[in-house]
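File shown here: data18.tsv, holding TSV, C-alpha atoms and all ligand atoms.
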```tsv
chain	number	residue	atom	x	y	z
W	1	MET	CA	-89.03	123.35	40.46
W	2	ASN	CA	-86.07	124.32	38.34
W	3	LYS	CA	-86.84	124.34	34.64
W	4	SER	CA	-85.90	126.16	31.48
W	5	LYS	CA	-87.94	127.68	28.65
W	6	ASP	CA	-88.07	124.57	26.45
W	7	VAL	CA	-90.68	122.81	28.59
W	8	LEU	CA	-93.16	120.96	26.35
W	9	LEU	CA	-95.50	119.71	29.08
W	10	GLU	CA	-96.12	120.95	32.57
W	11	VAL	CA	-98.47	119.20	34.96
W	12	ARG	CA	-99.65	121.24	37.93
W	13	ASN	CA	-101.40	119.70	40.93
W	14	LEU	CA	-103.08	117.03	38.79
W	15	LYS	CA	-105.76	114.92	40.46
W	16	LYS	CA	-107.77	112.04	39.07
W	17	TYR	CA	-110.36	110.53	41.39
W	18	PHE	CA	-112.72	107.75	40.35
W	19	ALA	CA	-116.13	107.73	42.03
W	20	MET	CA	-117.46	104.44	43.37
W	21	LYS	CA	-120.65	103.67	45.28
W	22	LYS	CA	-120.41	102.43	48.84
W	23	GLY	CA	-122.02	99.00	49.21
W	24	PHE	CA	-124.54	97.15	47.06
W	25	PHE	CA	-127.44	99.51	47.81
W	26	GLY	CA	-125.52	102.70	47.18
W	27	GLY	CA	-124.92	105.09	50.04
W	28	ASN	CA	-122.19	107.70	50.17
W	29	THR	CA	-119.92	107.97	47.18
W	30	GLN	CA	-116.33	107.05	47.83
W	31	TYR	CA	-113.40	108.08	45.67
W	32	VAL	CA	-110.39	106.12	44.51
W	33	LYS	CA	-107.67	108.78	44.61
W	34	ALA	CA	-105.60	107.30	41.79
W	35	VAL	CA	-103.61	110.49	41.13
W	36	ASP	CA	-103.58	112.96	43.98
W	37	ASP	CA	-101.84	116.28	43.46
W	38	VAL	CA	-99.02	115.44	41.09
W	39	SER	CA	-96.76	118.10	39.52
W	40	PHE	CA	-93.90	117.68	37.06
W	41	TYR	CA	-92.63	118.95	33.72
W	42	ILE	CA	-91.05	117.39	30.64
W	43	LYS	CA	-88.68	119.30	28.40
W	44	ARG	CA	-88.85	119.04	24.63
W	45	GLY	CA	-86.78	116.06	23.42
W	46	GLU	CA	-86.29	114.47	26.84
W	47	THR	CA	-87.62	111.29	28.43
W	48	LEU	CA	-89.18	111.35	31.85
W	49	GLY	CA	-89.48	107.90	33.40
W	50	LEU	CA	-92.36	107.31	35.82
W	51	VAL	CA	-91.95	104.30	38.09
W	52	GLY	CA	-93.68	102.66	41.03
W	53	GLU	CA	-95.50	99.50	42.06
W	54	SER	CA	-98.70	98.56	40.30
W	55	GLY	CA	-101.62	100.68	41.50
W	56	CYS	CA	-99.44	103.71	42.28
W	57	GLY	CA	-101.21	105.86	39.68
W	58	LYS	CA	-98.53	106.04	37.00
W	59	SER	CA	-100.71	104.68	34.17
W	60	THR	CA	-103.68	106.79	35.28
W	61	THR	CA	-101.39	109.82	35.12
W	62	GLY	CA	-100.48	108.95	31.51
W	63	ARG	CA	-104.09	108.34	30.51
W	64	THR	CA	-105.19	111.61	32.10
W	65	LEU	CA	-102.47	113.54	30.26
W	66	ILE	CA	-103.69	112.23	26.91
W	67	ARG	CA	-107.23	113.02	28.08
W	68	LEU	CA	-108.54	109.46	27.96
W	69	TYR	CA	-109.72	110.50	31.44
W	70	ARG	CA	-111.01	113.92	32.38
W	71	PRO	CA	-108.88	115.32	35.23
W	72	THR	CA	-110.62	115.87	38.56
W	73	ASP	CA	-108.49	118.94	39.20
W	74	GLY	CA	-105.22	120.56	38.20
W	75	GLU	CA	-103.69	121.81	34.97
W	76	ILE	CA	-102.03	120.11	32.01
W	77	ILE	CA	-100.09	122.80	30.17
W	78	TYR	CA	-99.04	121.51	26.75
W	79	GLY	CA	-97.05	123.86	24.51
W	80	GLY	CA	-98.19	126.77	26.69
W	81	LYS	CA	-101.94	125.92	26.61
W	82	ASP	CA	-103.97	124.30	29.38
W	83	ILE	CA	-105.59	121.23	27.78
W	84	SER	CA	-107.06	119.89	31.03
W	85	LYS	CA	-110.52	121.38	30.49
W	86	MET	CA	-110.69	121.42	26.68
W	87	ASP	CA	-113.67	119.77	24.97
W	88	ASP	CA	-113.33	117.16	22.22
W	89	LYS	CA	-113.29	119.74	19.43
W	90	GLU	CA	-110.59	121.85	21.07
W	91	LEU	CA	-108.55	118.70	21.67
W	92	ILE	CA	-108.41	117.64	17.98
W	93	PRO	CA	-104.96	119.17	17.23
W	94	TYR	CA	-103.56	117.68	20.46
W	95	ARG	CA	-104.84	114.20	19.54
W	96	LYS	CA	-102.25	114.31	16.75
W	97	LYS	CA	-99.43	115.82	18.77
W	98	ILE	CA	-99.79	113.42	21.70
W	99	GLN	CA	-99.86	109.67	21.10
W	100	MET	CA	-99.76	106.62	23.35
W	101	ILE	CA	-98.13	103.20	23.12
W	102	PHE	CA	-99.99	100.65	25.21
W	103	GLN	CA	-98.76	97.89	27.48
W	104	ASP	CA	-100.45	94.91	25.91
W	105	PRO	CA	-99.47	94.50	22.26
W	106	TYR	CA	-102.01	91.66	21.97
W	107	ALA	CA	-105.06	93.57	23.19
W	108	SER	CA	-104.26	96.93	21.61
W	109	LEU	CA	-104.44	95.82	17.94
W	110	ASN	CA	-107.74	95.03	16.21
W	111	THR	CA	-107.38	91.38	15.15
W	112	ARG	CA	-109.74	91.79	12.19
W	113	MET	CA	-107.75	94.56	10.53
W	114	THR	CA	-104.58	94.17	8.46
W	115	ILE	CA	-101.44	95.86	9.75
W	116	GLY	CA	-101.68	98.33	6.87
W	117	ASP	CA	-105.22	99.29	7.88
W	118	ILE	CA	-104.29	99.56	11.57
W	119	ILE	CA	-101.42	101.95	10.86
W	120	GLY	CA	-103.30	103.75	8.08
W	121	GLU	CA	-106.44	104.33	10.21
W	122	ALA	CA	-104.93	107.35	11.96
W	123	LEU	CA	-103.94	108.82	8.58
W	124	ASP	CA	-107.61	108.56	7.54
W	125	ILE	CA	-108.99	109.98	10.81
W	126	HIS	CA	-106.71	112.99	10.70
W	127	LYS	CA	-107.07	113.35	6.90
W	128	ILE	CA	-103.30	113.18	6.44
W	129	ALA	CA	-103.08	110.98	3.33
W	130	THR	CA	-105.10	108.66	1.08
W	131	GLY	CA	-104.41	106.13	-1.71
W	132	LYS	CA	-100.85	105.69	-2.90
W	133	GLU	CA	-99.46	108.33	-0.56
W	134	LYS	CA	-101.01	106.57	2.44
W	135	THR	CA	-99.57	103.21	1.34
W	136	GLU	CA	-96.12	104.76	1.00
W	137	ILE	CA	-96.31	106.28	4.49
W	138	VAL	CA	-97.40	102.92	5.98
W	139	HIS	CA	-94.53	101.11	4.24
W	140	ASP	CA	-92.06	103.73	5.44
W	141	LEU	CA	-93.33	103.42	9.03
W	142	LEU	CA	-93.01	99.62	8.92
W	143	SER	CA	-89.40	99.95	7.77
W	144	ARG	CA	-88.66	102.50	10.49
W	145	VAL	CA	-89.75	100.06	13.21
W	146	GLY	CA	-87.74	97.19	11.75
W	147	LEU	CA	-90.55	95.39	9.91
W	148	SER	CA	-91.03	94.80	6.19
W	149	PRO	CA	-93.48	96.70	3.94
W	150	ASP	CA	-94.79	93.22	2.94
W	151	HIS	CA	-96.17	92.88	6.48
W	152	ALA	CA	-98.86	95.49	5.68
W	153	ILE	CA	-101.21	92.84	4.25
W	154	ARG	CA	-100.91	90.49	7.23
W	155	TYR	CA	-103.01	90.28	10.42
W	156	PRO	CA	-101.91	90.82	14.07
W	157	HIS	CA	-102.10	87.10	15.01
W	158	GLU	CA	-99.27	86.39	12.53
W	159	PHE	CA	-96.79	88.39	14.65
W	160	SER	CA	-94.86	87.85	17.88
W	161	GLY	CA	-95.32	90.09	20.94
W	162	GLY	CA	-92.22	92.15	20.10
W	163	GLN	CA	-93.35	92.61	16.48
W	164	ARG	CA	-96.83	93.64	17.64
W	165	GLN	CA	-95.33	96.28	19.89
W	166	ARG	CA	-93.35	97.55	16.87
W	167	ILE	CA	-96.67	97.79	14.99
W	168	GLY	CA	-98.14	99.74	17.93
W	169	ILE	CA	-95.18	102.12	17.75
W	170	ALA	CA	-95.60	102.54	13.95
W	171	ARG	CA	-99.29	103.34	14.54
W	172	ALA	CA	-98.38	105.99	17.12
W	173	LEU	CA	-95.81	107.53	14.73
W	174	ALA	CA	-98.25	107.70	11.78
W	175	VAL	CA	-99.58	111.15	12.71
W	176	LYS	CA	-96.09	112.61	13.33
W	177	PRO	CA	-96.56	113.22	17.06
W	178	GLU	CA	-94.29	115.39	19.23
W	179	PHE	CA	-94.95	113.59	22.48
W	180	ILE	CA	-95.48	109.88	23.13
W	181	ILE	CA	-96.73	108.37	26.37
W	182	CYS	CA	-95.18	104.90	26.55
W	183	ASP	CA	-97.41	103.04	29.03
W	184	GLU	CA	-95.41	100.01	30.19
W	185	PRO	CA	-94.48	99.26	26.55
W	186	ILE	CA	-92.07	96.43	27.43
W	187	SER	CA	-93.74	94.83	30.46
W	188	ALA	CA	-95.51	92.13	28.43
W	189	LEU	CA	-92.42	91.27	26.36
W	190	ASP	CA	-89.70	88.65	26.86
W	191	VAL	CA	-86.58	90.06	28.51
W	192	SER	CA	-84.58	89.37	25.34
W	193	ILE	CA	-86.97	91.56	23.31
W	194	GLN	CA	-87.29	94.38	25.88
W	195	ALA	CA	-83.86	95.85	25.14
W	196	GLN	CA	-84.54	95.80	21.37
W	197	VAL	CA	-87.76	97.79	21.79
W	198	VAL	CA	-86.14	100.27	24.20
W	199	ASN	CA	-83.20	100.76	21.79
W	200	MET	CA	-85.60	101.34	18.94
W	201	LEU	CA	-87.58	103.93	20.93
W	202	SER	CA	-84.31	105.63	21.79
W	203	ASP	CA	-83.21	105.73	18.11
W	204	LEU	CA	-86.61	107.05	16.99
W	205	GLN	CA	-86.39	109.77	19.62
W	206	GLN	CA	-83.04	110.92	18.21
W	207	GLU	CA	-84.21	110.75	14.59
W	208	LEU	CA	-87.60	112.40	15.05
W	209	GLY	CA	-86.95	114.70	18.03
W	210	LEU	CA	-89.65	113.00	20.12
W	211	THR	CA	-90.44	113.62	23.77
W	212	TYR	CA	-91.41	110.62	25.94
W	213	LEU	CA	-93.15	109.88	29.20
W	214	PHE	CA	-91.94	106.33	29.85
W	215	ILE	CA	-94.10	104.52	32.40
W	216	ALA	CA	-92.73	101.27	33.84
W	217	HIS	CA	-92.23	99.19	36.94
W	218	ASP	CA	-88.91	97.76	35.74
W	219	LEU	CA	-86.45	100.24	37.21
W	220	SER	CA	-83.40	98.95	35.39
W	221	MET	CA	-84.79	99.59	31.89
W	222	VAL	CA	-86.14	102.99	32.92
W	223	ARG	CA	-82.68	104.15	33.91
W	224	TYR	CA	-81.38	103.26	30.48
W	225	ILE	CA	-83.90	105.33	28.50
W	226	SER	CA	-84.77	108.21	30.87
W	227	ASP	CA	-83.09	111.60	31.32
W	228	ARG	CA	-85.04	112.11	34.54
W	229	VAL	CA	-87.11	109.74	36.66
W	230	GLY	CA	-90.11	110.31	38.93
W	231	VAL	CA	-91.07	107.75	41.59
W	232	MET	CA	-94.76	107.40	42.43
W	233	TYR	CA	-96.35	105.92	45.53
W	234	LEU	CA	-100.10	105.77	46.15
W	235	GLY	CA	-101.02	108.60	43.80
W	236	LYS	CA	-98.13	110.93	44.67
W	237	ILE	CA	-94.65	111.61	43.28
W	238	VAL	CA	-92.32	111.08	46.23
W	239	GLU	CA	-89.00	111.67	44.45
W	240	ILE	CA	-87.89	113.07	41.10
W	241	GLY	CA	-84.51	113.91	39.62
W	242	GLU	CA	-81.91	113.27	36.93
W	243	SER	CA	-81.65	109.54	36.26
W	244	GLU	CA	-78.01	109.16	37.18
W	245	GLU	CA	-78.37	111.17	40.38
W	246	LEU	CA	-81.55	109.38	41.50
W	247	TYR	CA	-80.14	105.91	40.88
W	248	GLU	CA	-76.78	106.68	42.51
W	249	HIS	CA	-78.18	108.70	45.43
W	250	PRO	CA	-81.78	107.68	46.08
W	251	ALA	CA	-83.10	109.85	48.91
W	252	HIS	CA	-86.63	108.65	49.68
W	253	PRO	CA	-86.93	105.38	51.65
W	254	TYR	CA	-89.38	104.06	49.04
W	255	THR	CA	-86.97	104.72	46.15
W	256	GLN	CA	-84.18	103.11	48.18
W	257	ALA	CA	-86.30	99.99	48.68
W	258	LEU	CA	-87.25	99.76	45.00
W	259	LEU	CA	-83.65	100.16	43.88
W	260	SER	CA	-82.35	97.61	46.36
W	261	ALA	CA	-84.55	95.00	44.66
W	262	ILE	CA	-83.12	95.45	41.15
W	263	PRO	CA	-81.26	92.29	40.10
W	264	VAL	CA	-77.57	92.89	39.30
W	265	PRO	CA	-75.33	90.46	37.42
W	266	ASP	CA	-72.20	91.13	39.55
W	267	PRO	CA	-71.92	88.66	42.52
W	268	ASP	CA	-69.57	91.03	44.43
W	269	ILE	CA	-72.15	93.82	44.33
W	270	VAL	CA	-74.90	91.36	45.34
W	271	LYS	CA	-72.81	90.20	48.33
W	272	ASN	CA	-72.30	93.73	49.64
W	273	ARG	CA	-75.74	95.03	48.86
W	274	LYS	CA	-78.39	95.41	51.53
W	275	ARG	CA	-81.81	94.45	50.24
W	276	ILE	CA	-84.61	96.54	51.79
W	277	LEU	CA	-87.74	94.46	52.04
W	278	LEU	CA	-91.00	96.34	51.81
W	279	GLU	CA	-93.46	94.87	54.24
W	280	GLY	CA	-97.22	94.79	53.80
W	281	ASP	CA	-99.36	95.74	50.85
W	282	VAL	CA	-99.87	99.13	49.29
W	283	PRO	CA	-102.75	100.72	51.30
W	284	SER	CA	-106.08	101.46	49.64
W	285	PRO	CA	-106.16	104.62	47.50
W	286	ILE	CA	-109.75	105.12	48.75
W	287	ASN	CA	-108.57	105.88	52.24
W	288	PRO	CA	-104.81	106.55	52.12
W	289	PRO	CA	-102.79	106.91	55.35
W	290	SER	CA	-102.67	110.39	56.90
W	291	GLY	CA	-99.48	112.43	56.63
W	292	CYS	CA	-96.86	110.58	54.59
W	293	ARG	CA	-98.62	107.88	52.58
W	294	PHE	CA	-95.59	105.61	52.78
W	295	ARG	CA	-95.52	105.63	56.60
W	296	THR	CA	-97.30	102.26	57.03
W	297	ARG	CA	-94.43	100.53	55.21
W	298	CYS	CA	-91.51	102.80	56.11
W	299	MET	CA	-88.90	101.49	58.55
W	300	HIS	CA	-88.00	105.09	59.52
W	301	ALA	CA	-91.54	106.28	60.29
W	302	MET	CA	-91.86	108.62	63.28
W	303	PRO	CA	-94.90	110.25	64.95
W	304	LYS	CA	-94.90	113.40	62.83
W	305	CYS	CA	-95.02	111.31	59.63
W	306	ALA	CA	-98.65	110.49	60.51
W	307	GLU	CA	-99.61	114.09	61.17
W	308	ILE	CA	-98.55	116.29	58.28
W	309	GLU	CA	-97.72	115.33	54.73
W	310	PRO	CA	-94.04	116.07	53.93
W	311	VAL	CA	-93.53	118.52	51.06
W	312	MET	CA	-91.10	118.16	48.17
W	313	LYS	CA	-87.68	119.52	49.05
W	314	GLU	CA	-84.72	120.14	46.71
W	315	ILE	CA	-81.88	118.02	48.05
W	316	SER	CA	-79.43	118.64	45.23
W	317	SER	CA	-79.71	120.52	41.94
W	318	GLY	CA	-82.92	119.31	40.24
W	319	HIS	CA	-83.31	116.41	42.68
W	320	TYR	CA	-86.45	116.58	44.86
W	321	ALA	CA	-87.94	114.25	47.47
W	322	ALA	CA	-90.69	114.42	50.09
W	323	CYS	CA	-89.51	112.93	53.40
W	324	TYR	CA	-88.87	114.25	56.94
W	325	LEU	CA	-85.46	112.56	57.00
W	326	LEU	CA	-84.18	115.04	54.41
V	401	LIG	FE1	-90.73	107.42	56.10
V	401	LIG	FE2	-91.58	109.56	57.48
V	401	LIG	FE3	-89.98	109.86	55.36
V	401	LIG	FE4	-92.50	109.12	55.06
V	401	LIG	S1	-91.78	111.08	55.86
V	401	LIG	S2	-90.76	108.26	54.03
V	401	LIG	S3	-92.79	107.79	56.83
V	401	LIG	S4	-89.47	108.84	57.29
```

Reformat the file's structure so that it appears as structure tokens.
Ligand code: SF4
Amino acid sequence: MNKSKDVLLEVRNLKKYFAMKKGFFGGNTQYVKAVDDVSFYIKRGETLGLVGESGCGKSTTGRTLIRLYRPTDGEIIYGGKDISKMDDKELIPYRKKIQMIFQDPYASLNTRMTIGDIIGEALDIHKIATGKEKTEIVHDLLSRVGLSPDHAIRYPHEFSGGQRQRIGIARALAVKPEFIICDEPISALDVSIQAQVVNMLSDLQQELGLTYLFIAHDLSMVRYISDRVGVMYLGKIVEIGESEELYEHPAHPYTQALLSAIPVPDPDIVKNRKRILLEGDVPSPINPPSGCRFRTRCMHAMPKCAEIEPVMKEISSGHYAACYLL
């Protein structure tokens, strides 16, 4: 794929399979192929959006990149080094450079710790600051995310969902990361709060030169924050390209269906728009369909779609999709 020298992260043929026993008494091991041969890159300072229905492998991709999961196969090249097979000791410097913001702002904060301790914990772990200096950094981080330094002595239950997500963002920023994996950071928030959090992430990116992988199922918000967007289906990326191009000219039938379901406020557009209904459920990632994985739900499926998996093809500059119609 087309890319320039300032690539921060390159993922090559990444796979993450989870082993599960067959039946109550064991038997052959089966594998959930959550991420199955995924390749992409992210340039320094850009945001790559990763979208798809739940269970498509987007969150597993994020968690594998940060090495919460050990990859089954493939390479994760970060700043020129393959981190996919590094042990815990080798990963220490990368644990600072790469941070994650989690989906559920209620579950991701320890309810027994004060906000100051939650944000300051990473400063302790990475031996960045102690005492007065640590307090000053925590206060500065709270201000950066739109909270007050006085909030440092309070507990998570005293905050709303949006404020908790701001605390999660402050915690991620504490170690001065380069790259943040935002794993559905707005999915659990009220619609009115979602735009505020996305705007804040966007401002922080400008100020601090951050690089984001923004994982979401809400396609409208992803367009707003992402420079490029990748669409995942059943463990594979089926289309990837510049945001504007992908939203204006979706090429893969799955992307077209997802985009046709986005609510739009203009009644004239709604009247003229053809909604593509996806029929059936997403097949099991234990035993995905042969050939094109989308074929069981694709209205254009033809015999060869079941035989050989379509490969990614460049359909316009930097815009790739995997479909026999292209
Ligand atoms: Fe549909 Fe075939 Fe294209 Fe897959 S390859 S999206 S089944 S037309």

Exercise: residues within 12 Å of coordinate (-88.2, 122.0, 45.4), counting all atoms listed in the file, as a ChimeraX atom specification: /W:1-3,39-40,238-241,310-322

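Candidate residues W:Asn199, W:Thr29, W:Ser243, W:Ser192 were compared for distance to Ile286 (chain W), and the nearest is W:Thr29, using only C-alpha atoms.
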
Atomic distance CA of Val198 (chain W) - CA of Ala174 (chain W), expressed in Å with one decimal: 18.9 Å

Selection: 12 Å around Ile125 (chain W), all atoms listed in the file, excl. self and same-chain fewer than 6 positions, as a ChimeraX atom specification: /W:92-93,95-96,117-119,174-175

Between CA of Thr61 (chain W) and CA of Arg228 (chain W), distance in Å (one decimal):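 The value is 16.5 Å.
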
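The binding environment of ligand LIG 401 (chain V), defined as every protein, DNA or RNA residue with an atom no more than 9 Å away and counting only C-alpha atoms and all ligand atoms, comprises Val238, His252, Pro253, Tyr254, Gly291, Cys292, Arg293, Phe294, Arg295, Thr296, Arg297, Cys298, Met299, His300, Ala301, Met302, Pro303, Lys304, Cys305, Ala306, Ile308, Glu309, Pro310, Ala322, Cys323, Tyr324, Leu325 and Leu326 of chain W.
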
Separation of CA of Pro289 (chain W) from CA of Lys236 (chain W) in Å: 12.3 Å

Within-10 Å shell of (-101.8, 107.5, 31.6) in input frame, only C-alpha atoms, as a ChimeraX atom specification: /W:57-69,100,102,181-184,213,215

Test item: residues at most 12 Å from Ser148 (chain W), all atoms listed in the file, excluding those fewer than 3 positions along its chain, as a count of residues only: 18

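Using only C-alpha atoms, the shortest contact distance between Asp37 (chain W) and any of W:Leu14, W:Met20, W:Ala122, W:Leu258 is found at W:Leu14.
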
Start from the incomplete input, build all heavy atoms for region 115-125 of chain W, and deliver everything as a tab-separated table (two decimals), in the frame of the given file.
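rebuild_29.tsv written:
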```
chain	number	residue	atom	x	y	z
W	115	ILE	N	-102.40	94.92	9.15
W	115	ILE	CA	-101.44	95.86	9.75
W	115	ILE	C	-101.48	97.19	9.01
W	115	ILE	O	-101.42	98.27	9.61
W	115	ILE	CB	-100.02	95.24	9.71
W	115	ILE	CG1	-99.99	93.91	10.45
W	115	ILE	CG2	-98.98	96.21	10.25
W	115	ILE	CD1	-100.62	93.91	11.82
W	116	GLY	N	-101.60	97.11	7.68
W	116	GLY	CA	-101.68	98.33	6.87
W	116	GLY	C	-102.87	99.19	7.27
W	116	GLY	O	-102.76	100.41	7.39
W	117	ASP	N	-104.02	98.53	7.50
W	117	ASP	CA	-105.22	99.29	7.88
W	117	ASP	C	-105.09	99.86	9.29
W	117	ASP	O	-105.56	100.96	9.58
W	117	ASP	CB	-106.47	98.40	7.80
W	117	ASP	CG	-106.85	98.13	6.35
W	117	ASP	OD1	-106.37	98.89	5.48
W	117	ASP	OD2	-107.58	97.16	6.09
W	118	ILE	N	-104.47	99.08	10.19
W	118	ILE	CA	-104.29	99.56	11.57
W	118	ILE	C	-103.43	100.83	11.59
W	118	ILE	O	-103.77	101.83	12.22
W	118	ILE	CB	-103.63	98.45	12.45
W	118	ILE	CG1	-104.64	97.33	12.70
W	118	ILE	CG2	-103.12	99.02	13.77
W	118	ILE	CD1	-104.05	96.09	13.35
W	119	ILE	N	-102.32	100.78	10.86
W	119	ILE	CA	-101.42	101.95	10.86
W	119	ILE	C	-102.04	103.10	10.06
W	119	ILE	O	-101.94	104.27	10.43
W	119	ILE	CB	-100.03	101.57	10.30
W	119	ILE	CG1	-99.39	100.50	11.19
W	119	ILE	CG2	-99.11	102.79	10.21
W	119	ILE	CD1	-98.12	99.90	10.63
W	120	GLY	N	-102.73	102.72	8.96
W	120	GLY	CA	-103.30	103.75	8.08
W	120	GLY	C	-104.54	104.43	8.66
W	120	GLY	O	-104.92	105.52	8.22
W	121	GLU	N	-105.18	103.79	9.65
W	121	GLU	CA	-106.44	104.33	10.21
W	121	GLU	C	-106.26	105.78	10.71
W	121	GLU	O	-107.09	106.65	10.45
W	121	GLU	CB	-106.90	103.43	11.36
W	121	GLU	CG	-108.31	103.69	11.80
W	121	GLU	CD	-108.72	102.74	12.94
W	121	GLU	OE1	-107.83	102.27	13.69
W	121	GLU	OE2	-109.93	102.48	13.07
W	122	ALA	N	-105.16	106.01	11.42
W	122	ALA	CA	-104.93	107.35	11.96
W	122	ALA	C	-104.73	108.37	10.84
W	122	ALA	O	-105.11	109.54	10.97
W	122	ALA	CB	-103.71	107.34	12.87
W	123	LEU	N	-104.14	107.92	9.72
W	123	LEU	CA	-103.94	108.82	8.58
W	123	LEU	C	-105.29	109.22	7.98
W	123	LEU	O	-105.47	110.34	7.53
W	123	LEU	CB	-103.07	108.15	7.51
W	123	LEU	CG	-101.66	107.76	7.95
W	123	LEU	CD1	-100.98	106.88	6.92
W	123	LEU	CD2	-100.82	109.00	8.22
W	124	ASP	N	-106.25	108.26	8.02
W	124	ASP	CA	-107.61	108.56	7.54
W	124	ASP	C	-108.30	109.53	8.50
W	124	ASP	O	-108.84	110.55	8.08
W	124	ASP	CB	-108.47	107.28	7.49
W	124	ASP	CG	-108.00	106.33	6.41
W	124	ASP	OD1	-107.42	106.82	5.42
W	124	ASP	OD2	-108.20	105.11	6.56
W	125	ILE	N	-108.27	109.17	9.80
W	125	ILE	CA	-108.99	109.98	10.81
W	125	ILE	C	-108.54	111.44	10.77
W	125	ILE	O	-109.34	112.35	10.81
W	125	ILE	CB	-108.79	109.38	12.23
W	125	ILE	CG1	-109.48	108.02	12.33
W	125	ILE	CG2	-109.30	110.32	13.32
W	125	ILE	CD1	-109.15	107.23	13.59
```
